[in-house]
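For reference, final.csv is printed below; it contains CSV, C-alpha atoms.
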chain,number,residue,atom,x,y,z
A,75,MET,CA,120.0,80.6,60.9
A,76,ALA,CA,116.8,78.8,61.5
A,77,LYS,CA,114.6,76.4,59.5
A,78,GLY,CA,110.9,76.9,58.8
A,79,LYS,CA,108.0,76.6,56.4
A,80,ILE,CA,106.3,79.5,54.6
A,81,LEU,CA,102.6,79.8,55.5
A,82,LYS,CA,101.7,82.7,53.2
A,83,GLY,CA,103.1,85.6,51.3
A,84,ILE,CA,101.5,89.0,51.2
A,85,GLY,CA,102.9,92.3,49.8
A,86,GLY,CA,106.4,91.2,49.7
A,87,PHE,CA,106.4,89.7,53.3
A,88,TYR,CA,106.5,86.0,54.0
A,89,TYR,CA,105.2,84.4,57.2
A,90,VAL,CA,107.5,81.6,58.2
A,91,LEU,CA,106.6,78.9,60.8
A,92,ASP,CA,109.7,77.7,62.6
A,93,GLU,CA,110.4,74.3,64.3
A,94,LYS,CA,109.1,75.7,67.6
A,95,MET,CA,105.8,76.7,66.0
A,96,LYS,CA,106.5,80.4,66.1
A,97,VAL,CA,105.6,82.6,63.1
A,98,HIS,CA,108.2,85.0,61.8
A,99,GLU,CA,107.6,87.9,59.4
A,100,CYS,CA,110.3,87.8,56.7
A,101,LYS,CA,111.4,89.3,53.5
A,102,ALA,CA,113.2,87.3,50.8
A,103,ALA,CA,116.9,87.9,50.1
A,104,GLY,CA,117.5,90.2,47.1
A,105,ARG,CA,119.1,87.4,45.0
A,106,PHE,CA,115.8,85.6,44.7
A,107,ARG,CA,114.3,88.4,42.6
A,108,LYS,CA,117.5,88.6,40.6
A,109,ASP,CA,117.3,84.8,39.9
A,110,GLY,CA,113.6,85.0,39.1
A,111,ILE,CA,112.7,82.8,42.2
A,112,ILE,CA,109.5,83.5,44.1
A,113,PRO,CA,109.1,81.9,47.6
A,114,LEU,CA,105.8,80.1,47.9
A,115,PRO,CA,103.5,78.8,50.6
A,116,GLY,CA,104.7,75.3,51.5
A,117,ASP,CA,108.3,76.1,50.8
A,118,ASN,CA,110.8,74.8,53.4
A,119,VAL,CA,113.3,77.5,54.0
A,120,ILE,CA,116.4,78.6,55.9
A,121,PHE,CA,116.0,82.1,57.3
A,122,VAL,CA,117.6,84.7,59.6
A,123,GLU,CA,115.4,85.6,62.4
A,124,GLU,CA,114.2,89.2,63.0
A,125,GLN,CA,117.0,91.7,63.8
A,126,ASP,CA,114.8,94.8,64.0
A,127,SER,CA,111.4,94.5,62.4
A,128,TYR,CA,111.6,91.5,60.1
A,129,GLY,CA,113.8,88.5,59.2
A,130,PHE,CA,115.2,87.3,55.8
A,131,ILE,CA,114.7,84.1,53.9
A,132,GLU,CA,118.2,83.0,52.8
A,133,GLN,CA,117.6,79.6,51.2
A,134,ILE,CA,114.7,77.6,49.7
A,135,GLU,CA,115.1,73.9,50.0
A,136,GLU,CA,114.4,71.6,47.0
A,137,ARG,CA,110.7,71.3,46.3
A,138,LYS,CA,109.2,67.9,45.8
A,139,ASN,CA,106.4,69.4,43.6
A,140,LEU,CA,104.9,72.7,42.6
A,141,LEU,CA,101.4,73.8,41.7
A,142,THR,CA,101.3,77.0,39.5
A,143,ARG,CA,97.6,78.0,39.9
A,144,PRO,CA,97.4,78.3,42.9
A,145,ARG,CA,101.1,78.7,43.5
A,146,VAL,CA,101.9,76.2,46.3
A,147,ALA,CA,104.9,74.0,46.9
A,148,ASN,CA,105.3,70.6,48.6
A,149,VAL,CA,101.7,69.4,48.5
A,150,ASP,CA,100.8,65.8,49.3
A,151,MET,CA,97.2,65.9,48.1
A,152,VAL,CA,94.8,68.3,46.2
A,153,ALA,CA,91.2,68.2,47.2
A,154,ILE,CA,88.9,69.4,44.5
A,155,VAL,CA,85.7,70.7,46.2
A,156,VAL,CA,82.6,70.7,44.1
A,157,SER,CA,78.9,71.3,45.0
A,158,ALA,CA,76.3,68.6,44.6
A,159,GLY,CA,73.8,71.5,44.1
A,160,LYS,CA,74.5,75.1,43.4
A,161,PRO,CA,76.7,76.3,41.8
A,162,ASN,CA,76.5,73.6,39.2
A,163,ILE,CA,79.7,71.6,38.9
A,164,ASP,CA,82.2,72.8,36.2
A,165,SER,CA,83.3,69.4,35.0
A,166,MET,CA,85.8,70.8,32.5
A,167,LEU,CA,87.5,72.8,35.2
A,168,CYS,CA,87.6,69.6,37.4
A,169,ASP,CA,89.2,67.7,34.5
A,170,LYS,CA,91.8,70.3,33.9
A,171,LEU,CA,92.6,70.4,37.6
A,172,LEU,CA,93.0,66.6,37.7
A,173,VAL,CA,95.3,66.7,34.7
A,174,SER,CA,97.6,69.2,36.4
A,175,ILE,CA,97.4,67.4,39.7
A,176,ILE,CA,98.2,63.9,38.3
A,177,LYS,CA,100.9,65.4,36.0
A,178,ALA,CA,102.6,66.8,39.2
A,179,ASP,CA,102.4,63.4,40.8
A,180,ILE,CA,100.2,64.6,43.5
A,181,GLU,CA,97.3,62.6,45.0
A,182,PRO,CA,93.9,63.9,43.9
A,183,LEU,CA,90.7,63.8,46.0
A,184,MET,CA,87.2,64.8,44.9
A,185,ILE,CA,85.0,66.2,47.7
A,186,ILE,CA,81.3,66.5,46.8
A,187,ASN,CA,79.9,69.1,49.2
A,188,LYS,CA,76.4,70.3,49.9
A,189,ILE,CA,74.9,66.7,49.6
A,190,ASP,CA,72.1,67.9,52.0
A,191,THR,CA,70.7,70.1,49.2
A,192,VAL,CA,70.1,67.5,46.5
A,193,ASP,CA,68.7,64.0,45.9
A,194,GLU,CA,70.9,60.9,45.8
A,195,PRO,CA,70.8,60.5,42.0
A,196,GLN,CA,72.4,63.8,41.5
A,197,ILE,CA,75.2,62.9,43.9
A,198,ASP,CA,75.7,59.5,42.1
A,199,LYS,CA,75.9,61.2,38.7
A,200,ILE,CA,79.0,63.1,39.9
A,201,LYS,CA,80.5,60.1,41.6
A,202,ARG,CA,80.1,57.9,38.5
A,203,GLU,CA,82.2,60.4,36.4
A,204,TYR,CA,85.1,60.3,38.8
A,205,ASP,CA,85.0,57.0,40.7
A,206,LYS,CA,87.7,55.5,38.3
A,207,VAL,CA,89.8,58.7,38.5
A,208,CYS,CA,90.3,59.3,42.2
A,209,ASP,CA,88.8,58.8,45.7
A,210,THR,CA,85.6,60.7,46.2
A,211,ILE,CA,84.1,61.7,49.6
A,212,CYS,CA,80.6,63.0,50.0
A,213,VAL,CA,80.1,65.6,52.7
A,214,SER,CA,77.9,68.3,54.0
A,215,ALA,CA,79.5,71.2,55.8
A,216,LYS,CA,76.0,72.1,57.2
A,217,THR,CA,75.0,68.8,58.6
A,218,LYS,CA,78.6,67.5,59.3
A,219,GLN,CA,77.9,64.3,57.3
A,220,GLY,CA,81.1,62.7,56.0
A,221,LEU,CA,83.4,65.0,57.9
A,222,ASP,CA,85.0,62.3,60.1
A,223,ALA,CA,85.9,60.2,57.0
A,224,LEU,CA,87.3,63.3,55.4
A,225,LYS,CA,89.5,64.1,58.5
A,226,LEU,CA,90.9,60.6,58.3
A,227,LYS,CA,91.8,61.2,54.6
A,228,LEU,CA,93.5,64.5,55.5
A,229,HIS,CA,95.5,63.0,58.4
A,230,ASN,CA,99.3,63.7,58.2
A,231,LYS,CA,99.1,65.3,54.8
A,232,CYS,CA,99.5,68.8,53.3
A,233,THR,CA,96.2,69.1,51.4
A,234,CYS,CA,95.5,72.0,49.0
A,235,PHE,CA,91.7,72.7,48.7
A,236,ALA,CA,90.8,74.0,45.3
A,237,GLY,CA,87.8,74.4,43.0
A,238,GLN,CA,85.1,76.8,42.0
A,239,SER,CA,84.0,79.8,44.1
A,240,ALA,CA,81.0,79.1,46.2
A,241,ALA,CA,81.5,75.4,46.2
A,242,GLY,CA,82.1,75.8,49.9
A,243,LYS,CA,85.9,75.4,50.4
A,244,SER,CA,86.2,77.8,53.3
A,245,THR,CA,82.9,76.8,54.8
A,246,LEU,CA,84.0,73.2,54.7
A,247,LEU,CA,87.3,74.0,56.4
A,248,ASN,CA,85.5,75.9,59.1
A,249,ALA,CA,83.2,72.9,59.6
A,250,LEU,CA,86.3,70.6,59.9
A,251,PHE,CA,88.3,73.0,62.1
A,252,ALA,CA,86.1,75.6,63.8
A,253,GLU,CA,89.0,77.5,65.2
A,254,LEU,CA,90.1,78.6,61.7
A,255,ASN,CA,87.1,81.0,61.4
A,256,LEU,CA,87.7,81.6,57.7
A,257,GLN,CA,85.7,84.3,55.9
A,258,THR,CA,83.0,82.8,53.6
A,259,GLY,CA,81.1,84.5,50.8
A,260,GLY,CA,78.5,82.2,49.2
A,261,MET,CA,76.9,83.0,45.8
A,262,SER,CA,76.0,86.2,44.2
A,263,LYS,CA,72.3,86.4,43.5
A,264,LYS,CA,72.9,88.6,40.5
A,265,THR,CA,75.4,86.3,38.7
A,266,ALA,CA,74.7,82.9,40.4
A,267,ARG,CA,78.5,82.6,40.7
A,268,GLY,CA,80.8,82.6,43.7
A,269,LYS,CA,81.9,85.7,45.6
A,270,HIS,CA,85.6,85.5,46.1
A,271,THR,CA,86.6,85.7,49.7
A,272,THR,CA,90.0,83.8,49.8
A,273,ARG,CA,92.6,86.3,48.3
A,274,HIS,CA,95.7,84.2,48.6
A,275,ALA,CA,96.9,80.7,49.1
A,276,GLU,CA,97.7,80.1,52.8
A,277,LEU,CA,98.8,77.0,54.8
A,278,LEU,CA,96.5,76.5,57.8
A,279,LEU,CA,97.5,74.7,60.9
A,280,PRO,CA,94.4,73.4,62.7
A,281,LYS,CA,94.8,72.7,66.4
A,282,ASP,CA,94.9,69.1,67.6
A,283,PHE,CA,95.3,67.9,64.0
A,284,VAL,CA,98.3,66.2,62.4
A,285,GLY,CA,98.5,67.8,58.9
A,286,THR,CA,98.0,71.1,57.1
A,287,ALA,CA,95.4,72.5,54.9
A,288,VAL,CA,95.8,75.1,52.1
A,289,ASP,CA,92.9,77.4,51.4
A,290,THR,CA,93.1,78.8,47.9
A,291,PRO,CA,91.2,81.5,45.9
A,292,GLY,CA,88.5,80.0,43.8
A,293,PHE,CA,89.3,80.1,40.1
A,294,THR,CA,87.5,79.4,36.8
A,295,PHE,CA,90.5,79.1,34.5
A,296,PHE,CA,93.3,76.6,34.4
A,297,ASP,CA,96.1,76.5,31.8
A,298,ASN,CA,97.4,73.2,30.5
A,299,THR,CA,99.6,74.5,27.7
A,300,ASP,CA,102.5,72.6,29.1
A,301,VAL,CA,100.8,69.3,28.3
A,302,LEU,CA,101.7,67.7,25.0
A,303,PRO,CA,98.7,66.4,23.0
A,304,GLU,CA,100.2,62.9,22.8
A,305,ASP,CA,100.7,62.8,26.6
A,306,LEU,CA,97.2,64.1,27.6
A,307,TYR,CA,95.7,60.6,28.0
A,308,LYS,CA,98.4,59.7,30.5
A,309,TYR,CA,96.7,62.1,33.0
A,310,TYR,CA,93.3,60.5,32.6
A,311,PRO,CA,93.6,57.3,34.7
A,312,ASP,CA,90.2,56.1,33.5
A,313,ILE,CA,91.4,56.3,29.9
A,314,GLU,CA,95.1,55.4,30.3
A,315,THR,CA,94.0,52.0,31.8
A,316,TYR,CA,92.6,50.9,28.4
A,317,SER,CA,95.3,52.4,26.2
A,318,HIS,CA,97.8,49.5,26.1
A,319,GLY,CA,96.0,47.6,23.4
A,320,CYS,CA,96.0,50.3,20.7
A,321,LYS,CA,97.5,49.4,17.3
A,322,TYR,CA,99.6,52.6,17.2
A,323,SER,CA,102.0,53.6,20.0
A,324,ASN,CA,101.2,57.3,19.3
A,325,CYS,CA,97.5,56.9,19.4
A,326,LEU,CA,95.6,59.9,20.6
A,327,HIS,CA,92.4,57.8,21.1
A,328,GLU,CA,90.5,60.2,18.8
A,329,VAL,CA,90.0,58.9,15.2
A,330,GLU,CA,92.7,56.2,15.0
A,331,PRO,CA,91.7,52.7,13.9
A,332,LYS,CA,92.0,49.7,16.3
A,333,CYS,CA,92.0,51.9,19.3
A,334,SER,CA,91.5,50.0,22.6
A,335,VAL,CA,90.3,53.1,24.4
A,336,LYS,CA,87.4,53.6,21.9
A,337,ASP,CA,86.6,49.8,22.3
A,338,ALA,CA,86.4,50.3,26.1
A,339,LEU,CA,84.2,53.3,25.5
A,340,GLN,CA,81.8,51.3,23.4
A,341,GLU,CA,81.7,48.6,26.2
A,342,GLY,CA,80.7,51.3,28.8
A,343,LEU,CA,84.0,51.0,30.6
A,344,ILE,CA,84.9,54.7,30.2
A,345,ASN,CA,82.5,57.4,31.1
A,346,GLN,CA,81.2,59.1,27.9
A,347,ASN,CA,81.1,62.6,29.4
A,348,ARG,CA,84.7,62.3,30.6
A,349,TYR,CA,85.8,61.0,27.2
A,350,ASN,CA,84.0,63.9,25.4
A,351,ARG,CA,85.7,66.4,27.6
A,352,TYR,CA,89.0,64.7,26.9
A,353,LEU,CA,88.5,65.3,23.2
A,354,THR,CA,87.6,68.9,23.9
A,355,LEU,CA,90.7,69.5,25.9
A,356,LEU,CA,92.8,67.6,23.4
A,357,LYS,CA,91.6,70.0,20.7
A,358,GLU,CA,92.2,73.0,22.9
A,359,ILE,CA,95.8,72.0,23.6
A,360,GLN,CA,96.4,71.2,19.9
A,361,GLU,CA,95.1,74.6,18.8
A,362,LYS,CA,97.1,76.5,21.5
A,363,ARG,CA,100.3,74.8,20.4
A,364,GLN,CA,99.6,75.5,16.8
A,365,ARG,CA,99.2,79.2,17.5
A,366,GLN,CA,102.6,79.1,19.2
A,367,TYR,CA,104.2,78.0,16.0
A,368,ASP,CA,102.2,80.3,13.6
Represent the structure of the file as structure tokens.
Amino acid sequence: MAKGKILKGIGGFYYVLDEKMKVHECKAAGRFRKDGIIPLPGDNVIFVEEQDSYGFIEQIEERKNLLTRPRVANVDMVAIVVSAGKPNIDSMLCDKLLVSIIKADIEPLMIINKIDTVDEPQIDKIKREYDKVCDTICVSAKTKQGLDALKLKLHNKCTCFAGQSAAGKSTLLNALFAELNLQTGGMSKKTARGKHTTRHAELLLPKDFVGTAVDTPGFTFFDNTDVLPEDLYKYYPDIETYSHGCKYSNCLHEVEPKCSVKDALQEGLINQNRYNRYLTLLKEIQEKRQRQYD
């Protein structure tokens, strides 16, 4: 038996990195399927090395956390990559991602890419919406601006890169670690949306770097149906900070009287756009839960 970490899974095969930095092609033991368990990138496993053509994963060690979309385990940080220019930032997707990240007790990071394509006010507009939520780093994969600061932030962590297609995740990873040589796609001229090039989540091990990066498929949908309406504000750090003075302990910070969150909003302490999207997401979660009981 040997110990290792799953780098990726494709077509029923899992590529496991052992403690000697050798990659093994493995299949999962049959009982995993019987028990409804799917091995994931990031999983620490115990496996039997290849006898003929492939080895077998025999045990998955306890996970410290799990992301479901993308499906990755044992992540230290999730970096949401957005574009300062094109494609336009999907702020609701970012908010949903942040809810899921914070709910999973994972450190969030906002990376504003393509800062060489727009003026400073456009960059500042994005930063103002998220500067009370998580750390933000402004970079340009093209000019290399901000990459040294980003590398320091990624040091000694397993970081999952996520966000919209064409925001530049793979291009940014190539700029950080040229030896990765990841395929990039850019934007479709016809739809002005990203062309998907990353097909599966995969742990990447850049040379001469302490840490791992996870490149994930771009996605435009994220499901937060497991979040209770009364708990949603807890995953908005910029809103939760001002929630402790509300009159009612079950305040949703929507229409209730004597709500300290709405007071903070009036004082300009909470970003209006973020609050509006909070209300939109709150309604969405309430409606989904209602349909479940109808």
### Summary
Nearest to Leu140 of chain A, restricted to all atoms listed in the file and choosing among A:Leu247, A:Ile200, A:Cys234, A:Ile163, comes out as A:Cys234
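Comparing A:Tyr307, A:Glu132, A:Ala158, A:Val329 by their smallest distance to Lys201 of chain A, the closest is A:Ala158 (using all atoms listed in the file).
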### Task
For Pro115 of chain A, please output as JSON, numbers by chain all residues within 10 Å (counting all atoms listed in the file; exclusion window: fewer than 4 positions along the same chain).
{"A": [79, 80, 81, 82, 83, 88, 89, 90, 144, 145, 146, 147, 148, 149, 274, 275, 276, 277, 288]}
Show me the residues around (76.4, 71.2, 49.1) - criterion: an atom at most 7 Å away, all atoms listed in the file counted - as a compact mmCIF listing (two decimals) with C-alpha atoms, keeping the file's coordinate frame.
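Result saved to point_22.txt:
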# COMPACT_ATOMS: atom_id res chain seq x y z
CA SER A 157 78.90 71.30 45.00
CA ALA A 158 76.30 68.60 44.60
CA GLY A 159 73.80 71.50 44.10
CA ASN A 187 79.90 69.10 49.20
CA LYS A 188 76.40 70.30 49.90
CA ILE A 189 74.90 66.70 49.60
CA ASP A 190 72.10 67.90 52.00
CA THR A 191 70.70 70.10 49.20
CA SER A 214 77.90 68.30 54.00
### Query
For Gly116 of chain A, which residue among A:Ser244, A:Thr286, A:Gln340, A:Gln238 is the nearest when counting only C-alpha atoms?
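Distance minimum relative to Gly116 of chain A lands on A:Thr286.
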### Task
Could you tell me how far atom CA of Arg363 of chain A lies from atom CA of Asp169 of chain A, in Å and to one decimal?
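Atom-to-atom, atom CA of Arg363 of chain A to atom CA of Asp169 of chain A, that is 19.3 Å.
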#### Entry: Within 12 Å of file point (87.0, 59.8, 36.4), counting all atoms listed in the file, expressed as JSON, numbers by chain
{"A": [165, 166, 168, 169, 170, 172, 173, 182, 183, 184, 199, 200, 201, 202, 203, 204, 205, 206, 207, 208, 209, 210, 309, 310, 311, 312, 313, 314, 315, 343, 344, 345, 346, 347, 348, 349, 351, 352]}
### Message
I'd like the contact shell of Lys94 of chain A - 12 Å cut-off, only C-alpha atoms, skipping same-chain residues fewer than 2 positions apart - returned as a list in words.
### Response
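Listing them by chain and then by number gives Ala76, Lys77, Gly78, Lys79, Val90, Leu91, Asp92, Lys96, Val97 and His98 of chain A.
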### Message
Would you pick out the contacts of Lys321 of chain A at 8 Å or less, using only C-alpha atoms, so that residues sharing its chain but fewer than 4 positions from it are not included, and give the list as JSON, numbers by chain?
### Response
{"A": [325, 331, 332, 333]}
How would the residues just chosen look if you wrote them out with C-alpha atoms as a PDB file, keeping the file's coordinate frame?
ATOM      1  CA  CYS A 325      97.500  56.900  19.400  1.00  0.00           C
ATOM      2  CA  PRO A 331      91.700  52.700  13.900  1.00  0.00           C
ATOM      3  CA  LYS A 332      92.000  49.700  16.300  1.00  0.00           C
ATOM      4  CA  CYS A 333      92.000  51.900  19.300  1.00  0.00           C
TER       5      CYS A 333
END
### Task
In Å, rounded to a single decimal, give me how far atom CA of Ile131 of chain A is from atom CA of Lys101 of chain A.
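According to the coordinates, atom CA of Lys101 of chain A and atom CA of Ile131 of chain A are separated by 6.2 Å.
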### Query
Quick one: residues within 9 Å of Glu135 of chain A, all atoms listed in the file counted, chain neighbours fewer than 3 positions away excluded, as an MDAnalysis selection string?
chainID A and resid 117:120
### Query
How many Å lie between atom CA of Ser239 of chain A and atom CA of Ile154 of chain A, rounded to one decimal?
11.5 Å
